[in-house]
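Structure first, commentary second.
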Amino acid sequence: MSLLHFGRPKSVAPPPPPSRPTAWRVGLCGVGLGADPPVAMLSAMFPAVTFRLLDCAWPERAAHTFDLLIVGLNGADPAEVERMTQRIASSAARIEVLVAMRGAEIDATRRLLHQGAADVLPAPVSDTTLAIALERIFCRLDTGRAHKRSGEIISVLKAGGGVGATSLAAQTAVMLAGRSGGSGVCLADLDVQMGVAALYLDVGDAVTVGQVLAAGGAVEEMPFATSLPCHRSGVAVLGAPQEMMPVEALSPTVVDGLIAALRRDFETTLVDLPTVWTAWTNRLLRQSQRIVLVTHLSVPHVHLVRRQLHMLAAQRLDDVPLTLVCNQVEPDNASGLSLKAAEQAIGRPFDLVVPEDRKLMHQAINQGVALSAVRRGTKLEAAITRLADTLVTTQPVALAQAGR
């Protein structure tokens, strides 16, 4: 392993110490950073930040101990790059990682950034470059903390394709907007390949995620409250790209900025997620106030629910409040699988059971209107009302189940 080190150019003065009240915790992984990591210099420049020198390449339980890790990496060693990529991906939702890479290559840098690295700097790193990079990361962390108690993010997670999660998200958003007087609610479609949420609400001129990325600049500074078009109910809609784009086009850093902006501009944002797991979906789920997991009453979907729940636990996301929804349940149990058997297989009860009424839902989708605009007082509308009640409740509540 080649040694990485931080240079000390005498001709360039580092920027002045920032004034910051936040006591962030930073670990410098000494293995790979060279013989003299600049702990004293950094402590002097950032007096409110705690810096700790570690005698390892990556500490155990890093996310429980630090907010940021500064790690060294030999970019010429494919095995080492792969190891670091996996470490960053698995912890992207919980800790920032700044990589100082010797022998930096574009492909390796892109992989690290896509998996969630806060920054990748070519080694040796000067004091000035390191200080600027840290200042940028600390500002983003401060922004995230400042918005922590503002608007809520509700992530809609699918057990698999075709479970009707987007329909539920769209109708729930419309219902929430009606309660808030037609403002303060956003539906963000981050299913960048198959998303159709804007079409479900007949918002043909929706600003898309692709346009947000193409605009450049800091996502967190974009005025979504004034730039996003609205459904007639008042729901602001951020649409999926009109053309398919790689899932990796989004990154944890972009998602951080997006979440900060949506929390700033809206009281509640429902985010429709793709079925795939990536570093940025992990990060978004970690920063959500609630996860809504939608499934069907079928043997394959029961198994998919178990996989999703196991994945949430493996990623230490099981502390985020979760509402488990069984959608489109037929009253005559045509699937041949009982709710009780499904709950036993999953290992927990459903929080909400939504009755099947595809004709009504399809009419609402095709017209881009609320269910109540097609027909009032239906069991489907009552079930979505209960789902909306859950999302505006700060503490998890027991829900009466519909369709039992």
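By order of appearance in the structure tokens: chains A, B, ..., then residues from 1 within every chain, and ligands from 1 in the order shown.
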Enumerate the residues of region 182-228 of chain A with a DSSP assignment of strand (DSSP E or B), computed from the backbone, and present them as a ChimeraX atom specification. /A:185-189,207-208
Store the residues picked out above in a file with N, CA and C atoms, as a JSON list (two decimals), in the first residue's frame.
[["chain", "number", "residue", "atom", "x", "y", "z"],
["A", 185, "VAL", "N", -47.75, 20.48, 0.42],
["A", 185, "VAL", "CA", -47.57, 19.06, 0.14],
["A", 185, "VAL", "C", -46.90, 18.90, -1.22],
["A", 186, "CYS", "N", -45.91, 18.02, -1.28],
["A", 186, "CYS", "CA", -45.20, 17.74, -2.52],
["A", 186, "CYS", "C", -45.18, 16.24, -2.76],
["A", 187, "LEU", "N", -45.31, 15.84, -4.02],
["A", 187, "LEU", "CA", -45.12, 14.46, -4.44],
["A", 187, "LEU", "C", -43.89, 14.44, -5.34],
["A", 188, "ALA", "N", -42.82, 13.78, -4.87],
["A", 188, "ALA", "CA", -41.56, 13.73, -5.62],
["A", 188, "ALA", "C", -41.36, 12.32, -6.16],
["A", 189, "ASP", "N", -41.27, 12.19, -7.45],
["A", 189, "ASP", "CA", -41.11, 10.89, -8.10],
["A", 189, "ASP", "C", -39.64, 10.67, -8.43],
["A", 207, "VAL", "N", -42.02, 19.75, -13.58],
["A", 207, "VAL", "CA", -40.56, 19.84, -13.54],
["A", 207, "VAL", "C", -40.03, 18.47, -13.16],
["A", 208, "THR", "N", -39.01, 17.98, -13.87],
["A", 208, "THR", "CA", -38.54, 16.63, -13.64],
["A", 208, "THR", "C", -37.19, 16.62, -12.92]]
Could you give me, as a Markdown table, a per-residue list for region 106-141 of chain A showing, wherever an atom lies at most 6 Å from an atom of region 88-102 of chain A, the closest pair of atoms and their distance in Å to one decimal, using only C-alpha atoms and sorting by chain then residue number from low to high?
| residue | atom | partner | partner_atom | distance |
| --- | --- | --- | --- | --- |
| A:Gln115 | CA | A:Ala89 | CA | 4.9 |
| A:Gly116 | CA | A:Ala92 | CA | 5.2 |
| A:Ala117 | CA | A:Val97 | CA | 5.1 |
| A:Ala118 | CA | A:Val97 | CA | 5.4 |
| A:Asp119 | CA | A:Leu98 | CA | 5.0 |
| A:Val120 | CA | A:Val99 | CA | 4.7 |
| A:Leu121 | CA | A:Ala100 | CA | 4.9 |
| A:Pro122 | CA | A:Met101 | CA | 5.0 |
| A:Ala123 | CA | A:Arg102 | CA | 4.9 |
Please write the residues from the selection above to a file, keeping C-alpha atoms, as a PDB file, in the first residue's frame.
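As a result, again.pdb now contains:
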ATOM      1  CA  GLN A 115     -21.548   5.253  -3.744  1.00  0.00           C
ATOM      2  CA  GLY A 116     -21.743   8.204  -1.389  1.00  0.00           C
ATOM      3  CA  ALA A 117     -18.258   9.636  -0.759  1.00  0.00           C
ATOM      4  CA  ALA A 118     -18.553  13.270   0.328  1.00  0.00           C
ATOM      5  CA  ASP A 119     -15.437  14.161  -1.690  1.00  0.00           C
ATOM      6  CA  VAL A 120     -12.416  12.527  -3.318  1.00  0.00           C
ATOM      7  CA  LEU A 121      -9.171  14.496  -3.282  1.00  0.00           C
ATOM      8  CA  PRO A 122      -5.951  13.533  -5.057  1.00  0.00           C
ATOM      9  CA  ALA A 123      -3.108  12.907  -2.609  1.00  0.00           C
TER      10      ALA A 123
END
Counting only C-alpha atoms, which residues of region 73-128 of chain A fall within 12 Å of region 35-53 of chain A, and what is the closest atom pair for each with its distance in Å at one decimal, ordered by chain and rising number, as CSV?
residue,atom,partner,partner_atom,distance
A:Ala100,CA,A:Pro37,CA,11.4
A:Pro124,CA,A:Pro37,CA,11.0
A:Val125,CA,A:Pro37,CA,10.4
A:Ser126,CA,A:Pro38,CA,10.1
A:Asp127,CA,A:Pro38,CA,8.1
A:Thr128,CA,A:Leu42,CA,10.5
Within 6 Å of region 285-294 of chain A using only C-alpha atoms, minus same-chain residues under 2 positions, as an mmCIF file with N, CA and C atoms, in the first residue's frame:
data_model
loop_
_atom_site.group_PDB
_atom_site.id
_atom_site.type_symbol
_atom_site.label_atom_id
_atom_site.label_comp_id
_atom_site.auth_asym_id
_atom_site.auth_seq_id
_atom_site.Cartn_x
_atom_site.Cartn_y
_atom_site.Cartn_z
ATOM 1 N N ALA A 93 -25.643 6.363 4.302
ATOM 2 C CA ALA A 93 -26.768 7.064 4.925
ATOM 3 C C ALA A 93 -26.450 7.567 6.326
ATOM 4 N N GLU A 152 -41.512 17.207 6.684
ATOM 5 C CA GLU A 152 -41.291 15.774 6.821
ATOM 6 C C GLU A 152 -41.154 15.100 5.467
ATOM 7 N N ILE A 153 -40.320 14.067 5.432
ATOM 8 C CA ILE A 153 -40.122 13.254 4.240
ATOM 9 C C ILE A 153 -40.750 11.881 4.497
ATOM 10 N N ILE A 154 -41.689 11.497 3.653
ATOM 11 C CA ILE A 154 -42.332 10.193 3.734
ATOM 12 C C ILE A 154 -41.899 9.399 2.506
ATOM 13 N N SER A 155 -41.158 8.326 2.705
ATOM 14 C CA SER A 155 -40.673 7.513 1.588
ATOM 15 C C SER A 155 -41.621 6.354 1.330
ATOM 16 N N VAL A 156 -42.010 6.198 0.071
ATOM 17 C CA VAL A 156 -42.905 5.116 -0.330
ATOM 18 C C VAL A 156 -42.064 4.041 -1.002
ATOM 19 N N LEU A 157 -41.982 2.894 -0.357
ATOM 20 C CA LEU A 157 -41.130 1.793 -0.796
ATOM 21 C C LEU A 157 -42.013 0.651 -1.285
ATOM 22 N N LYS A 158 -41.650 0.087 -2.415
ATOM 23 C CA LYS A 158 -42.438 -0.998 -3.008
ATOM 24 C C LYS A 158 -41.834 -2.345 -2.631
ATOM 25 N N ALA A 159 -42.701 -3.306 -2.289
ATOM 26 C CA ALA A 159 -42.217 -4.667 -2.089
ATOM 27 C C ALA A 159 -41.761 -5.259 -3.410
ATOM 28 N N ALA A 165 -48.196 1.214 -5.505
ATOM 29 C CA ALA A 165 -47.655 2.174 -4.539
ATOM 30 C C ALA A 165 -47.765 3.609 -5.045
ATOM 31 N N ASN A 282 -30.725 4.518 0.084
ATOM 32 C CA ASN A 282 -30.405 4.232 1.480
ATOM 33 C C ASN A 282 -30.340 5.532 2.275
ATOM 34 N N ARG A 283 -29.681 6.514 1.690
ATOM 35 C CA ARG A 283 -29.526 7.796 2.395
ATOM 36 C C ARG A 283 -30.881 8.488 2.579
ATOM 37 N N VAL A 320 -36.512 3.624 11.722
ATOM 38 C CA VAL A 320 -37.400 4.598 11.092
ATOM 39 C C VAL A 320 -38.827 4.049 11.147
ATOM 40 N N PRO A 321 -39.799 4.807 11.659
ATOM 41 C CA PRO A 321 -41.181 4.313 11.732
ATOM 42 C C PRO A 321 -41.655 3.799 10.381
ATOM 43 N N LEU A 322 -42.286 2.637 10.378
ATOM 44 C CA LEU A 322 -42.699 1.997 9.133
ATOM 45 C C LEU A 322 -44.178 1.653 9.172
ATOM 46 N N THR A 323 -44.872 1.949 8.086
ATOM 47 C CA THR A 323 -46.263 1.560 7.903
ATOM 48 C C THR A 323 -46.313 0.518 6.798
ATOM 49 N N LEU A 324 -46.761 -0.683 7.142
ATOM 50 C CA LEU A 324 -46.837 -1.782 6.183
ATOM 51 C C LEU A 324 -48.259 -1.858 5.629
ATOM 52 N N VAL A 325 -48.363 -1.678 4.310
ATOM 53 C CA VAL A 325 -49.663 -1.610 3.651
ATOM 54 C C VAL A 325 -49.832 -2.802 2.710
#
May I ask which of the residues A:Ala279, A:Leu371, A:Ile346, A:Leu73 is the closest one to His310 (chain A), counting only C-alpha atoms?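 Of A:Ala279, A:Leu371, A:Ile346, A:Leu73, the one nearest His310 (chain A) is A:Ile346, counting only C-alpha atoms.
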Filtered DSSP result for region 299-355 of chain A, state alpha helix (DSSP H), as a compact mmCIF listing (two decimals) with N, CA and C atoms, in the first residue's frame:
# COMPACT_ATOMS: atom_id res chain seq x y z
N VAL A 299 -48.12 -14.87 -2.55
CA VAL A 299 -46.94 -15.55 -2.00
C VAL A 299 -45.65 -14.85 -2.44
N PRO A 300 -45.48 -14.53 -3.75
CA PRO A 300 -44.23 -13.84 -4.14
C PRO A 300 -44.03 -12.52 -3.42
N HIS A 301 -45.11 -11.73 -3.28
CA HIS A 301 -44.95 -10.42 -2.64
C HIS A 301 -44.72 -10.53 -1.14
N VAL A 302 -45.26 -11.56 -0.51
CA VAL A 302 -44.96 -11.79 0.91
C VAL A 302 -43.47 -12.03 1.09
N HIS A 303 -42.88 -12.82 0.20
CA HIS A 303 -41.43 -13.06 0.27
C HIS A 303 -40.64 -11.78 0.00
N LEU A 304 -41.15 -10.96 -0.94
CA LEU A 304 -40.46 -9.70 -1.23
C LEU A 304 -40.54 -8.75 -0.04
N VAL A 305 -41.66 -8.74 0.68
CA VAL A 305 -41.77 -7.92 1.89
C VAL A 305 -40.73 -8.35 2.91
N ARG A 306 -40.59 -9.65 3.10
CA ARG A 306 -39.59 -10.14 4.05
C ARG A 306 -38.19 -9.69 3.65
N ARG A 307 -37.90 -9.73 2.35
CA ARG A 307 -36.58 -9.27 1.88
C ARG A 307 -36.38 -7.79 2.20
N GLN A 308 -37.42 -7.00 1.93
CA GLN A 308 -37.30 -5.57 2.19
C GLN A 308 -37.10 -5.29 3.69
N LEU A 309 -37.86 -5.99 4.52
CA LEU A 309 -37.72 -5.79 5.96
C LEU A 309 -36.35 -6.23 6.45
N HIS A 310 -35.83 -7.33 5.91
CA HIS A 310 -34.49 -7.78 6.27
C HIS A 310 -33.44 -6.77 5.82
N MET A 311 -33.66 -6.19 4.63
CA MET A 311 -32.72 -5.19 4.13
C MET A 311 -32.74 -3.94 5.00
N LEU A 312 -33.93 -3.52 5.40
CA LEU A 312 -34.02 -2.36 6.29
C LEU A 312 -33.28 -2.62 7.60
N ALA A 313 -33.41 -3.83 8.13
CA ALA A 313 -32.72 -4.16 9.37
C ALA A 313 -31.21 -4.23 9.15
N ALA A 314 -30.79 -4.82 8.03
CA ALA A 314 -29.36 -4.95 7.74
C ALA A 314 -28.70 -3.59 7.58
N LEU A 339 -54.95 -13.12 4.95
CA LEU A 339 -54.16 -12.06 5.58
C LEU A 339 -53.39 -12.61 6.78
N LYS A 340 -54.04 -13.50 7.55
CA LYS A 340 -53.39 -14.05 8.73
C LYS A 340 -52.17 -14.87 8.36
N ALA A 341 -52.28 -15.68 7.29
CA ALA A 341 -51.14 -16.48 6.85
C ALA A 341 -50.01 -15.59 6.35
N ALA A 342 -50.38 -14.54 5.64
CA ALA A 342 -49.36 -13.61 5.14
C ALA A 342 -48.63 -12.93 6.29
N GLU A 343 -49.38 -12.49 7.30
CA GLU A 343 -48.77 -11.82 8.45
C GLU A 343 -47.86 -12.77 9.23
N GLN A 344 -48.26 -14.03 9.34
CA GLN A 344 -47.41 -15.01 10.03
C GLN A 344 -46.11 -15.23 9.27
N ALA A 345 -46.21 -15.27 7.94
CA ALA A 345 -45.01 -15.47 7.13
C ALA A 345 -44.08 -14.26 7.21
N ILE A 346 -44.67 -13.08 7.26
CA ILE A 346 -43.86 -11.86 7.33
C ILE A 346 -43.27 -11.67 8.73
Need the shell around region 348-360 of chain A: protein/DNA/RNA residues with any atom at most 7 Å away, counting only C-alpha atoms. Skip same-chain ones fewer than 2 positions apart. Format as an mmCIF file with N, CA and C atoms, in the first residue's frame?
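File selection21.cif, as written:
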data_model
loop_
_atom_site.group_PDB
_atom_site.id
_atom_site.type_symbol
_atom_site.label_atom_id
_atom_site.label_comp_id
_atom_site.auth_asym_id
_atom_site.auth_seq_id
_atom_site.Cartn_x
_atom_site.Cartn_y
_atom_site.Cartn_z
ATOM 1 N N THR A 323 -44.872 1.949 8.086
ATOM 2 C CA THR A 323 -46.263 1.560 7.903
ATOM 3 C C THR A 323 -46.313 0.518 6.798
ATOM 4 N N LEU A 324 -46.761 -0.683 7.142
ATOM 5 C CA LEU A 324 -46.837 -1.782 6.183
ATOM 6 C C LEU A 324 -48.259 -1.858 5.629
ATOM 7 N N VAL A 325 -48.363 -1.678 4.310
ATOM 8 C CA VAL A 325 -49.663 -1.610 3.651
ATOM 9 C C VAL A 325 -49.832 -2.802 2.710
ATOM 10 N N CYS A 326 -50.953 -3.507 2.861
ATOM 11 C CA CYS A 326 -51.320 -4.558 1.911
ATOM 12 C C CYS A 326 -52.382 -3.968 0.993
ATOM 13 N N ASN A 327 -52.044 -3.797 -0.268
ATOM 14 C CA ASN A 327 -52.885 -3.063 -1.208
ATOM 15 C C ASN A 327 -53.706 -4.011 -2.084
ATOM 16 N N GLN A 328 -54.833 -3.498 -2.547
ATOM 17 C CA GLN A 328 -55.689 -4.189 -3.529
ATOM 18 C C GLN A 328 -56.106 -5.586 -3.055
ATOM 19 N N VAL A 329 -56.594 -5.653 -1.827
ATOM 20 C CA VAL A 329 -57.050 -6.931 -1.267
ATOM 21 C C VAL A 329 -58.503 -7.173 -1.673
ATOM 22 N N GLU A 330 -58.750 -8.272 -2.342
ATOM 23 C CA GLU A 330 -60.090 -8.597 -2.821
ATOM 24 C C GLU A 330 -60.939 -9.163 -1.686
ATOM 25 N N GLU A 343 -49.380 -12.488 7.303
ATOM 26 C CA GLU A 343 -48.772 -11.822 8.453
ATOM 27 C C GLU A 343 -47.861 -12.772 9.226
ATOM 28 N N GLN A 344 -48.257 -14.025 9.344
ATOM 29 C CA GLN A 344 -47.412 -15.006 10.031
ATOM 30 C C GLN A 344 -46.113 -15.225 9.271
ATOM 31 N N ILE A 346 -44.667 -13.079 7.263
ATOM 32 C CA ILE A 346 -43.857 -11.857 7.331
ATOM 33 C C ILE A 346 -43.270 -11.666 8.732
ATOM 34 N N HIS A 362 -58.524 3.398 -11.443
ATOM 35 C CA HIS A 362 -58.162 3.686 -12.830
ATOM 36 C C HIS A 362 -58.905 4.905 -13.357
ATOM 37 N N GLN A 363 -60.166 5.071 -12.960
ATOM 38 C CA GLN A 363 -60.896 6.267 -13.381
ATOM 39 C C GLN A 363 -60.232 7.528 -12.829
ATOM 40 N N ALA A 364 -59.831 7.484 -11.568
ATOM 41 C CA ALA A 364 -59.173 8.642 -10.960
ATOM 42 C C ALA A 364 -57.838 8.936 -11.657
ATOM 43 N N LYS A 379 -65.010 2.476 0.125
ATOM 44 C CA LYS A 379 -64.092 1.835 1.064
ATOM 45 C C LYS A 379 -62.640 2.170 0.727
ATOM 46 N N LEU A 380 -62.347 2.308 -0.563
ATOM 47 C CA LEU A 380 -60.985 2.657 -0.978
ATOM 48 C C LEU A 380 -60.605 4.040 -0.458
ATOM 49 N N ALA A 383 -59.915 3.856 3.270
ATOM 50 C CA ALA A 383 -58.622 3.264 3.608
ATOM 51 C C ALA A 383 -57.489 4.262 3.398
ATOM 52 N N LEU A 399 -53.670 1.190 13.721
ATOM 53 C CA LEU A 399 -54.668 1.513 12.709
ATOM 54 C C LEU A 399 -55.718 0.430 12.636
ATOM 55 N N GLN A 401 -57.932 -1.858 10.506
ATOM 56 C CA GLN A 401 -57.680 -2.378 9.183
ATOM 57 C C GLN A 401 -58.982 -2.475 8.398
ATOM 58 N N ALA A 402 -58.897 -2.069 7.137
ATOM 59 C CA ALA A 402 -60.062 -2.104 6.268
ATOM 60 C C ALA A 402 -60.090 -3.402 5.493
ATOM 61 N N GLY A 403 -61.262 -3.877 5.172
ATOM 62 C CA GLY A 403 -61.389 -5.033 4.312
ATOM 63 C C GLY A 403 -61.239 -6.359 5.017
#
For region 260-274 of chain A, find every residue with an atom within 9 Å (counting only C-alpha atoms), except residues of its own chain fewer than 5 positions away, and show them as a PyMOL selection string. chain A and resi 143-144+146-158+165-166+169-170+172-173+176+183-195+197+219-226+236+247+255+281+391-392
Suppose you want the space between CA of Leu250 (chain A) and CA of Arg136 (chain A); what is it in Å?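 CA of Arg136 (chain A) lies at a distance of 19.3 Å from CA of Leu250 (chain A).
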What's around Asn366 (chain A) at 10 Å? Count only C-alpha atoms, leave out sequence neighbours fewer than 4 positions away in its own chain, and write the answer as a list in words.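 The filter keeps Leu199, Tyr200, Leu201, Asp202, Met361 and His362 of chain A.
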To one decimal in Å, tell me the separation between CA of Ala177 (chain A) and CA of Gly377 (chain A).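 These atoms are spaced 18.4 Å apart.
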Counting only C-alpha atoms, the residue of A:Ala214, A:Met175, A:Leu258, A:Cys29 that sits nearest Glu60 (chain A):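 Closest residue, counting only C-alpha atoms: A:Cys29.
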